[in-house]
>>> print(open('coords.csv').read())   # CSV, C-alpha atoms
chain,number,residue,atom,x,y,z
A,1,MET,CA,127.4,93.8,112.4
A,2,PHE,CA,127.0,92.1,109.0
A,3,ILE,CA,123.4,91.8,107.9
A,4,GLN,CA,122.7,89.3,105.1
A,5,THR,CA,119.6,89.5,102.9
A,6,GLU,CA,117.7,86.7,101.3
A,7,GLN,CA,115.0,86.8,98.6
A,8,THR,CA,111.6,85.3,99.5
A,9,PRO,CA,109.0,83.9,97.1
A,10,ASN,CA,107.2,87.3,97.5
A,11,ALA,CA,108.9,90.1,95.5
A,12,GLU,CA,107.6,92.7,97.9
A,13,SER,CA,109.2,91.0,101.0
A,14,LEU,CA,112.9,90.6,101.8
A,15,LYS,CA,114.5,88.6,104.6
A,16,PHE,CA,117.2,90.3,106.7
A,17,ILE,CA,119.5,88.1,108.8
A,18,PRO,CA,121.5,90.1,111.4
A,19,GLY,CA,123.6,87.2,112.6
A,20,VAL,CA,122.2,87.5,116.2
A,21,PRO,CA,119.0,86.2,117.7
A,22,VAL,CA,116.0,88.5,117.0
A,23,LEU,CA,113.1,86.9,119.0
A,24,GLY,CA,115.0,83.7,119.9
A,25,LYS,CA,111.7,81.8,119.7
A,26,GLY,CA,108.3,82.6,118.5
A,27,THR,CA,107.3,85.3,116.0
A,28,ALA,CA,105.7,88.8,116.0
A,29,GLU,CA,104.1,90.7,113.1
A,30,PHE,CA,103.4,94.4,112.7
A,31,LEU,CA,101.2,95.6,109.8
A,32,ASP,CA,100.8,99.3,110.6
A,33,VAL,CA,102.4,102.1,112.5
A,34,ARG,CA,100.0,101.7,115.5
A,35,SER,CA,101.0,98.0,116.1
A,36,SER,CA,104.7,98.9,115.6
A,37,MET,CA,104.6,101.0,118.8
A,38,LYS,CA,105.0,97.8,120.7
A,39,SER,CA,108.6,97.4,119.5
A,40,PRO,CA,111.4,99.9,119.3
A,41,LEU,CA,112.8,98.2,116.2
A,42,ALA,CA,109.4,97.9,114.3
A,43,LYS,CA,108.6,101.5,115.2
A,44,GLN,CA,112.0,102.7,113.6
A,45,LEU,CA,111.4,100.5,110.5
A,46,PHE,CA,107.9,101.9,110.0
A,47,GLN,CA,109.4,105.4,109.8
A,48,ILE,CA,111.0,104.5,106.5
A,49,ASP,CA,108.8,105.5,103.5
A,50,GLY,CA,107.4,102.5,101.6
A,51,ILE,CA,107.4,99.9,104.4
A,52,VAL,CA,104.1,98.2,105.0
A,53,GLY,CA,105.0,95.2,107.1
A,54,VAL,CA,107.6,94.0,109.6
A,55,PHE,CA,107.8,90.4,110.8
A,56,PHE,CA,110.2,89.1,113.5
A,57,GLY,CA,111.3,85.5,113.4
A,58,PRO,CA,113.7,83.7,115.8
A,59,ASP,CA,116.8,84.9,114.0
A,60,PHE,CA,115.5,87.0,111.1
A,61,ILE,CA,113.4,90.0,110.2
A,62,THR,CA,111.2,90.0,107.1
A,63,ILE,CA,110.3,93.4,105.8
A,64,SER,CA,107.5,94.0,103.3
A,65,LYS,CA,107.3,97.1,101.1
A,66,ASP,CA,104.6,98.6,98.9
A,67,SER,CA,104.7,98.0,95.1
A,68,VAL,CA,106.1,101.5,94.3
A,69,ALA,CA,109.1,101.5,96.6
A,70,GLU,CA,112.5,100.1,95.4
A,71,TRP,CA,114.6,97.8,97.5
A,72,GLN,CA,117.9,99.5,96.4
A,73,LEU,CA,116.6,102.8,97.9
A,74,LEU,CA,115.2,101.2,101.0
A,75,LYS,CA,118.0,98.9,102.0
A,76,PRO,CA,120.5,101.5,103.3
A,77,ASP,CA,117.8,102.9,105.7
A,78,ILE,CA,116.8,99.4,106.8
A,79,TYR,CA,120.4,98.4,107.5
A,80,ALA,CA,120.9,101.6,109.5
A,81,ALA,CA,117.7,101.1,111.5
A,82,ILE,CA,118.6,97.4,112.3
A,83,MET,CA,122.2,98.3,113.3
A,84,ASP,CA,121.1,101.2,115.5
A,85,TYR,CA,118.6,99.0,117.3
A,86,PHE,CA,121.0,96.3,118.1
A,87,ALA,CA,123.6,98.8,119.2
A,88,SER,CA,121.1,100.5,121.5
A,89,GLY,CA,120.6,97.5,123.8
A,90,GLN,CA,116.8,98.0,123.9
A,91,PRO,CA,114.4,95.1,124.3
A,92,ILE,CA,112.8,93.8,121.1
A,93,MET,CA,109.4,94.4,122.6
A,94,TYR,CA,108.5,97.1,125.2
A,95,ASP,CA,106.3,94.5,126.9
A,96,GLU,CA,107.2,90.9,126.7
A,97,ASN,CA,103.5,90.0,127.1
A,98,ASP,CA,103.0,91.3,123.6
A,99,LEU,CA,105.0,88.5,122.1
A,100,ALA,CA,102.7,86.1,120.3
A,101,ALA,CA,101.7,83.1,122.4
A,102,ILE,CA,103.2,80.0,120.9
A,103,ASP,CA,100.2,78.9,118.8
A,104,THR,CA,101.4,75.3,118.6
A,105,ALA,CA,102.0,74.8,122.3
A,106,ILE,CA,100.3,71.6,123.3
A,107,HIS,CA,97.5,72.1,125.9
A,108,PRO,CA,96.1,69.4,128.2
A,109,ASP,CA,92.6,69.7,126.7
A,110,ASP,CA,93.9,69.3,123.1
A,111,SER,CA,92.5,66.2,121.3
A,112,GLU,CA,94.9,63.7,119.9
A,113,GLU,CA,94.3,65.0,116.4
A,114,VAL,CA,95.1,68.6,117.4
A,115,GLN,CA,98.3,67.5,119.2
A,116,MET,CA,99.4,65.8,116.0
A,117,ILE,CA,98.5,68.8,113.8
A,118,LYS,CA,100.5,71.1,116.1
A,119,GLU,CA,103.5,68.7,116.2
A,120,LEU,CA,103.6,68.5,112.4
A,121,LEU,CA,103.2,72.2,111.9
A,122,ASP,CA,106.1,72.8,114.4
A,123,THR,CA,108.5,70.2,113.3
A,124,ARG,CA,107.9,69.6,109.6
A,125,ILE,CA,106.1,72.6,108.1
A,126,ARG,CA,107.1,75.8,110.1
A,127,PRO,CA,110.9,75.4,109.6
A,128,SER,CA,110.7,75.4,105.8
A,129,ILE,CA,108.2,78.3,105.7
A,130,GLN,CA,110.5,80.4,108.0
A,131,GLU,CA,113.4,79.7,105.6
A,132,ASP,CA,111.4,81.8,103.1
A,133,GLY,CA,110.9,84.6,105.6
A,134,GLY,CA,107.3,83.7,106.5
A,135,ASP,CA,105.4,81.8,109.1
A,136,ILE,CA,102.0,80.1,109.7
A,137,GLU,CA,99.8,80.5,112.7
A,138,TYR,CA,97.5,77.7,113.9
A,139,CYS,CA,94.0,79.1,114.4
A,140,GLY,CA,92.0,76.0,115.1
A,141,PHE,CA,90.6,72.6,113.9
A,142,GLU,CA,86.9,72.1,113.4
A,143,ASN,CA,84.8,69.8,111.2
A,144,GLY,CA,87.9,68.3,109.7
A,145,ILE,CA,89.3,71.7,108.6
A,146,VAL,CA,92.6,73.0,109.9
A,147,LYS,CA,92.6,76.8,110.0
A,148,LEU,CA,95.9,78.6,109.4
A,149,LYS,CA,97.0,82.2,109.0
A,150,LEU,CA,99.8,83.2,106.7
A,151,LYS,CA,102.4,85.7,108.0
A,152,GLY,CA,105.5,87.5,107.0
A,153,SER,CA,106.6,87.1,103.4
A,154,CYS,CA,103.7,84.5,102.9
A,155,ARG,CA,101.1,87.2,103.4
A,156,GLY,CA,99.6,88.2,100.0
A,157,CYS,CA,102.0,85.8,98.2
A,158,ASP,CA,100.3,83.6,95.6
A,159,SER,CA,102.9,80.8,95.8
A,160,ALA,CA,102.3,80.7,99.6
A,161,VAL,CA,98.6,80.0,99.1
A,162,VAL,CA,99.5,77.2,96.7
A,163,THR,CA,101.9,75.8,99.3
A,164,LEU,CA,99.1,76.0,101.9
A,165,LYS,CA,96.7,74.1,99.7
A,166,ASN,CA,99.1,71.6,98.2
A,167,GLY,CA,102.1,71.0,100.5
A,168,ILE,CA,100.6,71.6,103.9
A,169,GLU,CA,97.2,70.2,103.2
A,170,ASN,CA,98.7,67.0,101.6
A,171,MET,CA,101.1,66.4,104.5
A,172,LEU,CA,98.4,66.9,107.2
A,173,MET,CA,95.9,64.7,105.4
A,174,HIS,CA,98.6,62.0,104.8
A,175,TYR,CA,99.5,61.7,108.5
A,176,ILE,CA,96.2,62.5,110.1
A,177,PRO,CA,93.1,60.8,108.5
A,178,GLU,CA,90.7,63.1,110.4
A,179,VAL,CA,92.0,66.2,108.5
A,180,GLU,CA,89.9,66.8,105.4
A,181,GLY,CA,91.4,70.1,104.3
A,182,VAL,CA,93.2,73.4,105.2
A,183,GLU,CA,91.6,76.8,105.1
A,184,GLN,CA,93.4,80.2,105.2
A,185,VAL,CA,92.2,82.7,107.8
A,186,ILE,CA,92.3,86.3,106.6
A,187,ASP,CA,92.5,89.3,108.8
A,188,GLU,CA,89.8,91.9,108.7
A,189,ASN,CA,92.0,94.6,107.0
A,190,GLU,CA,93.2,92.0,104.5
A,191,ALA,CA,89.6,91.0,103.7
A,192,VAL,CA,88.7,94.7,103.1
A,193,ALA,CA,91.8,95.2,100.8
A,194,LEU,CA,90.8,92.1,98.8
A,195,GLN,CA,87.2,93.3,98.4
A,196,GLU,CA,88.4,96.6,97.1
A,197,PHE,CA,90.8,94.9,94.7
A,198,ASP,CA,87.9,92.7,93.4
A,199,LYS,CA,85.7,95.8,93.0
A,200,LEU,CA,88.4,97.5,91.0
A,201,GLU,CA,89.0,94.4,88.8
A,202,LYS,CA,85.2,94.2,88.1
A,203,LYS,CA,85.1,97.9,87.2
A,204,LEU,CA,88.0,97.5,84.8
A,205,GLY,CA,86.4,94.4,83.3
A,206,GLU,CA,83.1,96.3,82.7
A,207,LYS,CA,84.8,99.1,80.7
A,208,PRO,CA,84.3,98.7,77.0
>>> encode(input="coords.csv", output="structure tokens")
Amino acid sequence: MFIQTEQTPNAESLKFIPGVPVLGKGTAEFLDVRSSMKSPLAKQLFQIDGIVGVFFGPDFITISKDSVAEWQLLKPDIYAAIMDYFASGQPIMYDENDLAAIDTAIHPDDSEEVQMIKELLDTRIRPSIQEDGGDIEYCGFENGIVKLKLKGSCRGCDSAVVTLKNGIENMLMHYIPEVEGVEQVIDENEAVALQEFDKLEKKLGEKP
């Protein structure tokens, strides 16, 4: 097996391409050891010191590390874990029901605007974001605001937030007049981390 790697816009995330389907369709994300228990491969990757996030795409795996770990030291263990997994013949998820529901699937009760938003996200926006090792999840549309969650390499990446506000927002507003803006949805654990970071920044700013 020849595993290729690709840089992502986020220096702490790297895209690994095993040359075989990973999920085939859809995506799955694991942000801690507990959630990784749902997947034999994610569980193995989280045993490597310094890894803080694992994201499965249709044909790639994006791995995120902490700021202290170095890719050159992590890569051999990551390659070994991926190769061992694919040689084992195990399923990607222990329970297929744990695979994320396709957030952009069109439902009968979706309004015309929501159907168009999902169609654009799926056909125009998602492919280019997955090229960078990330993904977006549609979380809803209310009062003219499209709610999206950043995943994979996009999570915690400044340039992804700019993309969200400029590229995605502009495209949706251009094609769908009812869209007035795009808002990022932040997980509870991410919100706590951001609050702590803000507190630290304030403390440092107060020091003479």
>>> closest_atom_pairs(input="coords.csv", of="range 8-61 of chain A", to="range 117-141 of chain A", cutoff="10 Å", atoms="only C-alpha atoms", output="tab-separated table")
residue	atom	partner	partner_atom	distance
A:Thr8	CA	A:Asp132	CA	5.0
A:Pro9	CA	A:Asp132	CA	6.8
A:Asn10	CA	A:Asp132	CA	8.9
A:Ser13	CA	A:Gly133	CA	8.1
A:Leu14	CA	A:Gly133	CA	7.4
A:Lys15	CA	A:Gly133	CA	5.5
A:Phe16	CA	A:Gly133	CA	8.6
A:Ile17	CA	A:Gly133	CA	9.8
A:Gly26	CA	A:Asp135	CA	9.9
A:Thr27	CA	A:Asp135	CA	8.0
A:Ala28	CA	A:Asp135	CA	9.8
A:Glu29	CA	A:Asp135	CA	9.8
A:Phe55	CA	A:Gly134	CA	8.0
A:Phe56	CA	A:Gly133	CA	9.1
A:Gly57	CA	A:Gln130	CA	7.5
A:Pro58	CA	A:Gln130	CA	9.1
A:Asp59	CA	A:Gln130	CA	9.8
A:Phe60	CA	A:Gly133	CA	7.6
A:Ile61	CA	A:Gly133	CA	7.5
>>> residues_around(input="coords.csv", residues="Tyr94 in chain A", least_positions_apart="4", cutoff="9 Å", atoms="only C-alpha atoms", output="list in words")
Met37, Lys38, Ser39, Pro40, Gln90 and Asp98 of chain A
>>> atom_distance(input="coords.csv", atom1="CA of Thr62 in chain A", atom2="CA of Glu12 in chain A")
10.2 Å
>>> residues_near_point(input="coords.csv", point="(89.0, 73.7, 111.0)", cutoff="12 Å", atoms="only C-alpha atoms", output="PyMOL selection string")
chain A and resi 113-114+117+138-149+169+178-185
>>> write_last_selection(input="coords.csv", atoms="C-alpha atoms", output="CSV table (one decimal), in the coordinates of the input")
chain,number,residue,atom,x,y,z
A,113,GLU,CA,94.3,65.0,116.4
A,114,VAL,CA,95.1,68.6,117.4
A,117,ILE,CA,98.5,68.8,113.8
A,138,TYR,CA,97.5,77.7,113.9
A,139,CYS,CA,94.0,79.1,114.4
A,140,GLY,CA,92.0,76.0,115.1
A,141,PHE,CA,90.6,72.6,113.9
A,142,GLU,CA,86.9,72.1,113.4
A,143,ASN,CA,84.8,69.8,111.2
A,144,GLY,CA,87.9,68.3,109.7
A,145,ILE,CA,89.3,71.7,108.6
A,146,VAL,CA,92.6,73.0,109.9
A,147,LYS,CA,92.6,76.8,110.0
A,148,LEU,CA,95.9,78.6,109.4
A,149,LYS,CA,97.0,82.2,109.0
A,169,GLU,CA,97.2,70.2,103.2
A,178,GLU,CA,90.7,63.1,110.4
A,179,VAL,CA,92.0,66.2,108.5
A,180,GLU,CA,89.9,66.8,105.4
A,181,GLY,CA,91.4,70.1,104.3
A,182,VAL,CA,93.2,73.4,105.2
A,183,GLU,CA,91.6,76.8,105.1
A,184,GLN,CA,93.4,80.2,105.2
A,185,VAL,CA,92.2,82.7,107.8
>>> closest_residue(input="coords.csv", among="A:Gln72, A:Gln44, A:Ser111, A:Ser67", to="Asp84 in chain A", atoms="only C-alpha atoms")
A:Gln44
>>> atom_distance(input="coords.csv", atom1="CA of Glu70 in chain A", atom2="CA of Ser36 in chain A")
21.7 Å
>>> closest_residue(input="coords.csv", among="A:Ala87, A:Val33, A:Leu150, A:Met173", to="Ile51 in chain A", atoms="all atoms listed in the file")
A:Val33
>>> atom_distance(input="coords.csv", atom1="CA of Lys65 in chain A", atom2="CA of Ile168 in chain A")
26.5 Å
>>> closest_residue(input="coords.csv", among="A:Leu45, A:Ala105, A:Val68, A:Met1", to="Asp32 in chain A", atoms="all atoms listed in the file")
A:Leu45
>>> closest_residue(input="coords.csv", among="A:Phe30, A:Gln7, A:Lys25, A:Leu41", to="Tyr85 in chain A", atoms="only C-alpha atoms")
A:Leu41
>>> closest_residue(input="coords.csv", among="A:Ile3, A:Val52, A:Asn170, A:Ser88", to="Pro76 in chain A", atoms="all atoms listed in the file")
A:Ile3
>>> closest_residue(input="coords.csv", among="A:Ala69, A:Met83, A:Leu23, A:Ile92", to="Lys43 in chain A", atoms="only C-alpha atoms")
A:Ile92
>>> axis_aligned_box(input="coords.csv", around="range 143-153 of chain A", padding_each_side="8 Å", output="lines of an AutoDock Vina configuration file")
center_x = 95.7
center_y = 77.9
center_z = 107.3
size_x = 37.8
size_y = 35.2
size_z = 23.8
>>> decode(input="coords.csv", residues="range 125-149 of chain A", atoms="N, CA, C and O atoms", output="JSON list (two decimals), in the first residue's frame")
[["chain", "number", "residue", "atom", "x", "y", "z"],
["A", 125, "ILE", "N", -19.44, 23.39, -3.18],
["A", 125, "ILE", "CA", -18.61, 23.83, -2.05],
["A", 125, "ILE", "C", -17.86, 22.68, -1.39],
["A", 125, "ILE", "O", -16.64, 22.74, -1.20],
["A", 126, "ARG", "N", -18.57, 21.60, -1.08],
["A", 126, "ARG", "CA", -17.95, 20.47, -0.37],
["A", 126, "ARG", "C", -16.73, 19.88, -1.10],
["A", 126, "ARG", "O", -15.70, 19.64, -0.47],
["A", 127, "PRO", "N", -16.80, 19.65, -2.43],
["A", 127, "PRO", "CA", -15.63, 19.03, -3.10],
["A", 127, "PRO", "C", -14.34, 19.82, -2.92],
["A", 127, "PRO", "O", -13.28, 19.24, -2.68],
["A", 128, "SER", "N", -14.42, 21.16, -3.00],
["A", 128, "SER", "CA", -13.18, 21.94, -2.88],
["A", 128, "SER", "C", -12.67, 21.95, -1.43],
["A", 128, "SER", "O", -11.46, 21.99, -1.19],
["A", 129, "ILE", "N", -13.57, 21.89, -0.45],
["A", 129, "ILE", "CA", -13.15, 21.87, 0.95],
["A", 129, "ILE", "C", -12.53, 20.51, 1.28],
["A", 129, "ILE", "O", -11.53, 20.42, 2.00],
["A", 130, "GLN", "N", -13.10, 19.42, 0.72],
["A", 130, "GLN", "CA", -12.54, 18.09, 0.98],
["A", 130, "GLN", "C", -11.16, 17.94, 0.34],
["A", 130, "GLN", "O", -10.32, 17.19, 0.83],
["A", 131, "GLU", "N", -10.91, 18.68, -0.73],
["A", 131, "GLU", "CA", -9.57, 18.67, -1.34],
["A", 131, "GLU", "C", -8.52, 19.13, -0.34],
["A", 131, "GLU", "O", -7.37, 18.70, -0.38],
["A", 132, "ASP", "N", -8.92, 20.03, 0.56],
["A", 132, "ASP", "CA", -8.01, 20.54, 1.58],
["A", 132, "ASP", "C", -8.04, 19.70, 2.86],
["A", 132, "ASP", "O", -7.51, 20.11, 3.90],
["A", 133, "GLY", "N", -8.71, 18.53, 2.80],
["A", 133, "GLY", "CA", -8.73, 17.64, 3.95],
["A", 133, "GLY", "C", -9.77, 17.97, 5.00],
["A", 133, "GLY", "O", -9.71, 17.47, 6.12],
["A", 134, "GLY", "N", -10.73, 18.83, 4.64],
["A", 134, "GLY", "CA", -11.75, 19.21, 5.61],
["A", 134, "GLY", "C", -13.16, 18.91, 5.09],
["A", 134, "GLY", "O", -13.33, 18.22, 4.09],
["A", 135, "ASP", "N", -14.13, 19.46, 5.77],
["A", 135, "ASP", "CA", -15.52, 19.29, 5.34],
["A", 135, "ASP", "C", -16.37, 20.33, 6.06],
["A", 135, "ASP", "O", -15.92, 20.98, 7.01],
["A", 136, "ILE", "N", -17.60, 20.49, 5.57],
["A", 136, "ILE", "CA", -18.57, 21.35, 6.26],
["A", 136, "ILE", "C", -19.81, 20.52, 6.51],
["A", 136, "ILE", "O", -20.12, 19.62, 5.74],
["A", 137, "GLU", "N", -20.48, 20.83, 7.59],
["A", 137, "GLU", "CA", -21.73, 20.13, 7.91],
["A", 137, "GLU", "C", -22.84, 21.16, 7.96],
["A", 137, "GLU", "O", -22.73, 22.18, 8.62],
["A", 138, "TYR", "N", -23.92, 20.87, 7.22],
["A", 138, "TYR", "CA", -25.08, 21.75, 7.22],
["A", 138, "TYR", "C", -25.86, 21.55, 8.51],
["A", 138, "TYR", "O", -26.23, 20.43, 8.86],
["A", 139, "CYS", "N", -26.07, 22.63, 9.28],
["A", 139, "CYS", "CA", -26.75, 22.53, 10.57],
["A", 139, "CYS", "C", -28.12, 23.21, 10.60],
["A", 139, "CYS", "O", -28.83, 23.13, 11.60],
["A", 140, "GLY", "N", -28.47, 23.92, 9.53],
["A", 140, "GLY", "CA", -29.79, 24.54, 9.52],
["A", 140, "GLY", "C", -29.82, 25.88, 8.80],
["A", 140, "GLY", "O", -28.78, 26.45, 8.46],
["A", 141, "PHE", "N", -31.05, 26.35, 8.55],
["A", 141, "PHE", "CA", -31.25, 27.64, 7.88],
["A", 141, "PHE", "C", -32.42, 28.33, 8.56],
["A", 141, "PHE", "O", -33.54, 27.83, 8.54],
["A", 142, "GLU", "N", -32.15, 29.45, 9.25],
["A", 142, "GLU", "CA", -33.24, 30.19, 9.88],
["A", 142, "GLU", "C", -32.96, 31.69, 9.86],
["A", 142, "GLU", "O", -31.82, 32.13, 10.01],
["A", 143, "ASN", "N", -34.03, 32.43, 9.64],
["A", 143, "ASN", "CA", -33.96, 33.90, 9.58],
["A", 143, "ASN", "C", -32.88, 34.39, 8.61],
["A", 143, "ASN", "O", -32.15, 35.34, 8.89],
["A", 144, "GLY", "N", -32.76, 33.70, 7.48],
["A", 144, "GLY", "CA", -31.82, 34.13, 6.44],
["A", 144, "GLY", "C", -30.38, 33.71, 6.68],
["A", 144, "GLY", "O", -29.49, 34.00, 5.88],
["A", 145, "ILE", "N", -30.11, 33.01, 7.81],
["A", 145, "ILE", "CA", -28.73, 32.61, 8.14],
["A", 145, "ILE", "C", -28.55, 31.10, 7.95],
["A", 145, "ILE", "O", -29.31, 30.30, 8.48],
["A", 146, "VAL", "N", -27.52, 30.75, 7.17],
["A", 146, "VAL", "CA", -27.16, 29.33, 6.98],
["A", 146, "VAL", "C", -26.15, 28.96, 8.06],
["A", 146, "VAL", "O", -25.13, 29.63, 8.22],
["A", 147, "LYS", "N", -26.45, 27.90, 8.82],
["A", 147, "LYS", "CA", -25.55, 27.49, 9.91],
["A", 147, "LYS", "C", -24.72, 26.29, 9.46],
["A", 147, "LYS", "O", -25.27, 25.27, 9.04],
["A", 148, "LEU", "N", -23.39, 26.45, 9.55],
["A", 148, "LEU", "CA", -22.48, 25.41, 9.09],
["A", 148, "LEU", "C", -21.43, 25.12, 10.16],
["A", 148, "LEU", "O", -21.01, 26.00, 10.88],
["A", 149, "LYS", "N", -21.00, 23.86, 10.22],
["A", 149, "LYS", "CA", -19.94, 23.47, 11.14],
["A", 149, "LYS", "C", -18.71, 23.07, 10.32],
["A", 149, "LYS", "O", -18.82, 22.36, 9.32]]
